[in-house]
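Single-structure report; data block below.
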Amino acid sequence: MGFFGSFLIQKKELEPWDKRINPKSEIEDIDLLVLREYLQEMKVWDSNKALEDYLSEKERISSFVAHLWIKKK
């Protein structure tokens with residue numbers, strides 16, 4: 001990205017790369033086994049919930065983590 005991209009992020013004119021929505025992504029792009037492993041490692045896995053619940057735009061893993069899935073408009 002370089003200096004100019006960093007400057008735009010600091011000016012809040014460009015989202016940091018890890019906050020940007022990828023409009024081309026699909027649910028099939030997510031490896032659900034790897035997602036479950038990470039949720040278990042983060043100690044937020046609840047075996048009473050379906051894995052897909054974690055990908056809901058209404059469900060948050062924690063107050064520190066943004067929604068993992070956002071519907072396309």
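For the structure tokens, the naming scheme is as follows: chains receive sequential letters (A, B, ...) according to their order of presentation, residues are indexed from 1 within each chain, and ligands are indexed from 1 in presentation order.
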Report task. Pick out the residues sitting within 12 Å of Ile30 of chain A, and hand them over as an MDAnalysis selection string; count only C-alpha atoms, and ignore anything fewer than 2 positions along from it in its own chain. Result -> chainID A and resid 25:28 32:36 51:52 54:55 68:69
Just to be explicit: take each residue in the selection above, keep all heavy atoms, and write the result as a tab-separated table (two decimals), in the first residue's frame.
chain	number	residue	atom	x	y	z
A	25	SER	N	-16.63	-11.77	-1.79
A	25	SER	CA	-16.54	-12.96	-0.96
A	25	SER	C	-17.89	-13.66	-0.84
A	25	SER	O	-18.94	-13.04	-0.94
A	25	SER	CB	-15.99	-12.61	0.42
A	25	SER	OG	-16.91	-11.79	1.10
A	26	GLU	N	-17.82	-14.94	-0.63
A	26	GLU	CA	-19.01	-15.79	-0.45
A	26	GLU	C	-18.82	-16.63	0.80
A	26	GLU	O	-17.69	-16.85	1.24
A	26	GLU	CB	-19.19	-16.72	-1.66
A	26	GLU	CG	-19.38	-16.00	-2.98
A	26	GLU	CD	-20.73	-15.28	-3.08
A	26	GLU	OE1	-21.67	-15.71	-2.39
A	26	GLU	OE2	-20.81	-14.32	-3.86
A	27	ILE	N	-19.90	-17.11	1.35
A	27	ILE	CA	-19.82	-17.95	2.55
A	27	ILE	C	-18.98	-19.20	2.28
A	27	ILE	O	-18.29	-19.69	3.16
A	27	ILE	CB	-21.24	-18.32	3.06
A	27	ILE	CG1	-21.19	-18.93	4.45
A	27	ILE	CG2	-21.94	-19.26	2.14
A	27	ILE	CD1	-21.26	-17.93	5.54
A	28	GLU	N	-19.00	-19.67	1.04
A	28	GLU	CA	-18.24	-20.86	0.66
A	28	GLU	C	-16.73	-20.63	0.72
A	28	GLU	O	-15.95	-21.57	0.70
A	28	GLU	CB	-18.64	-21.34	-0.74
A	28	GLU	CG	-20.05	-21.86	-0.82
A	28	GLU	CD	-21.11	-20.77	-0.93
A	28	GLU	OE1	-20.78	-19.60	-1.26
A	28	GLU	OE2	-22.28	-21.08	-0.65
A	32	LEU	N	-14.88	-23.76	7.29
A	32	LEU	CA	-15.60	-23.82	8.57
A	32	LEU	C	-14.84	-24.60	9.64
A	32	LEU	O	-14.95	-24.28	10.82
A	32	LEU	CB	-16.99	-24.41	8.36
A	32	LEU	CG	-17.91	-23.57	7.46
A	32	LEU	CD1	-19.25	-24.26	7.28
A	32	LEU	CD2	-18.09	-22.17	8.02
A	33	LEU	N	-14.05	-25.59	9.24
A	33	LEU	CA	-13.25	-26.33	10.22
A	33	LEU	C	-12.18	-25.43	10.84
A	33	LEU	O	-11.95	-25.45	12.05
A	33	LEU	CB	-12.61	-27.56	9.59
A	33	LEU	CG	-13.59	-28.65	9.17
A	33	LEU	CD1	-12.86	-29.77	8.44
A	33	LEU	CD2	-14.35	-29.18	10.36
A	34	VAL	N	-11.54	-24.63	10.00
A	34	VAL	CA	-10.52	-23.70	10.50
A	34	VAL	C	-11.18	-22.63	11.38
A	34	VAL	O	-10.65	-22.29	12.44
A	34	VAL	CB	-9.75	-23.06	9.33
A	34	VAL	CG1	-8.83	-21.95	9.82
A	34	VAL	CG2	-8.96	-24.12	8.58
A	35	LEU	N	-12.34	-22.14	10.97
A	35	LEU	CA	-13.06	-21.16	11.78
A	35	LEU	C	-13.36	-21.73	13.16
A	35	LEU	O	-13.13	-21.09	14.17
A	35	LEU	CB	-14.35	-20.73	11.09
A	35	LEU	CG	-15.26	-19.81	11.90
A	35	LEU	CD1	-14.57	-18.50	12.25
A	35	LEU	CD2	-16.56	-19.56	11.17
A	36	ARG	N	-13.87	-22.96	13.21
A	36	ARG	CA	-14.18	-23.58	14.49
A	36	ARG	C	-12.93	-23.74	15.36
A	36	ARG	O	-12.95	-23.46	16.55
A	36	ARG	CB	-14.85	-24.94	14.30
A	36	ARG	CG	-15.30	-25.54	15.63
A	36	ARG	CD	-15.91	-26.87	15.48
A	36	ARG	NE	-14.85	-27.80	15.10
A	36	ARG	CZ	-15.06	-29.01	14.59
A	36	ARG	NH1	-16.28	-29.44	14.38
A	36	ARG	NH2	-14.05	-29.79	14.28
A	51	LEU	N	-22.30	-23.63	14.01
A	51	LEU	CA	-21.16	-22.86	13.52
A	51	LEU	C	-21.63	-21.68	12.67
A	51	LEU	O	-21.06	-20.59	12.72
A	51	LEU	CB	-20.23	-23.77	12.71
A	51	LEU	CG	-18.91	-23.18	12.27
A	51	LEU	CD1	-18.11	-22.65	13.46
A	51	LEU	CD2	-18.10	-24.19	11.52
A	52	GLU	N	-22.70	-21.87	11.93
A	52	GLU	CA	-23.22	-20.81	11.08
A	52	GLU	C	-23.73	-19.61	11.90
A	52	GLU	O	-23.79	-18.50	11.39
A	52	GLU	CB	-24.35	-21.35	10.19
A	52	GLU	CG	-23.87	-22.31	9.12
A	52	GLU	CD	-23.55	-23.72	9.64
A	52	GLU	OE1	-23.93	-24.06	10.79
A	52	GLU	OE2	-22.94	-24.48	8.88
A	54	TYR	N	-22.18	-18.13	14.17
A	54	TYR	CA	-21.07	-17.20	14.31
A	54	TYR	C	-20.90	-16.32	13.08
A	54	TYR	O	-20.22	-15.30	13.13
A	54	TYR	CB	-19.77	-17.96	14.59
A	54	TYR	CG	-19.74	-18.58	15.96
A	54	TYR	CD1	-20.10	-19.91	16.15
A	54	TYR	CD2	-19.37	-17.84	17.07
A	54	TYR	CE1	-20.08	-20.48	17.40
A	54	TYR	CE2	-19.35	-18.40	18.33
A	54	TYR	CZ	-19.71	-19.72	18.49
A	54	TYR	OH	-19.69	-20.27	19.74
A	55	LEU	N	-21.50	-16.73	11.98
A	55	LEU	CA	-21.40	-15.96	10.73
A	55	LEU	C	-22.60	-15.08	10.49
A	55	LEU	O	-22.73	-14.46	9.46
A	55	LEU	CB	-21.21	-16.92	9.55
A	55	LEU	CG	-19.94	-17.75	9.62
A	55	LEU	CD1	-19.92	-18.75	8.49
A	55	LEU	CD2	-18.71	-16.88	9.61
A	68	LEU	N	-18.60	-11.10	11.69
A	68	LEU	CA	-17.80	-11.81	10.71
A	68	LEU	C	-18.45	-11.85	9.33
A	68	LEU	O	-17.80	-12.10	8.34
A	68	LEU	CB	-17.54	-13.25	11.17
A	68	LEU	CG	-16.71	-13.37	12.44
A	68	LEU	CD1	-16.54	-14.84	12.80
A	68	LEU	CD2	-15.35	-12.71	12.27
A	69	TRP	N	-19.75	-11.57	9.30
A	69	TRP	CA	-20.44	-11.64	8.02
A	69	TRP	C	-21.37	-10.45	7.87
A	69	TRP	O	-22.10	-10.13	8.77
A	69	TRP	CB	-21.24	-12.94	7.93
A	69	TRP	CG	-21.66	-13.22	6.54
A	69	TRP	CD1	-22.90	-13.01	6.02
A	69	TRP	CD2	-20.87	-13.72	5.47
A	69	TRP	NE1	-22.92	-13.36	4.70
A	69	TRP	CE2	-21.68	-13.80	4.34
A	69	TRP	CE3	-19.54	-14.10	5.36
A	69	TRP	CZ2	-21.21	-14.25	3.12
A	69	TRP	CZ3	-19.08	-14.54	4.16
A	69	TRP	CH2	-19.91	-14.62	3.05
Report summary line: note - atom CA of Gln40 of chain A and atom CA of Ser62 of chain A are separated by 13.4 Å
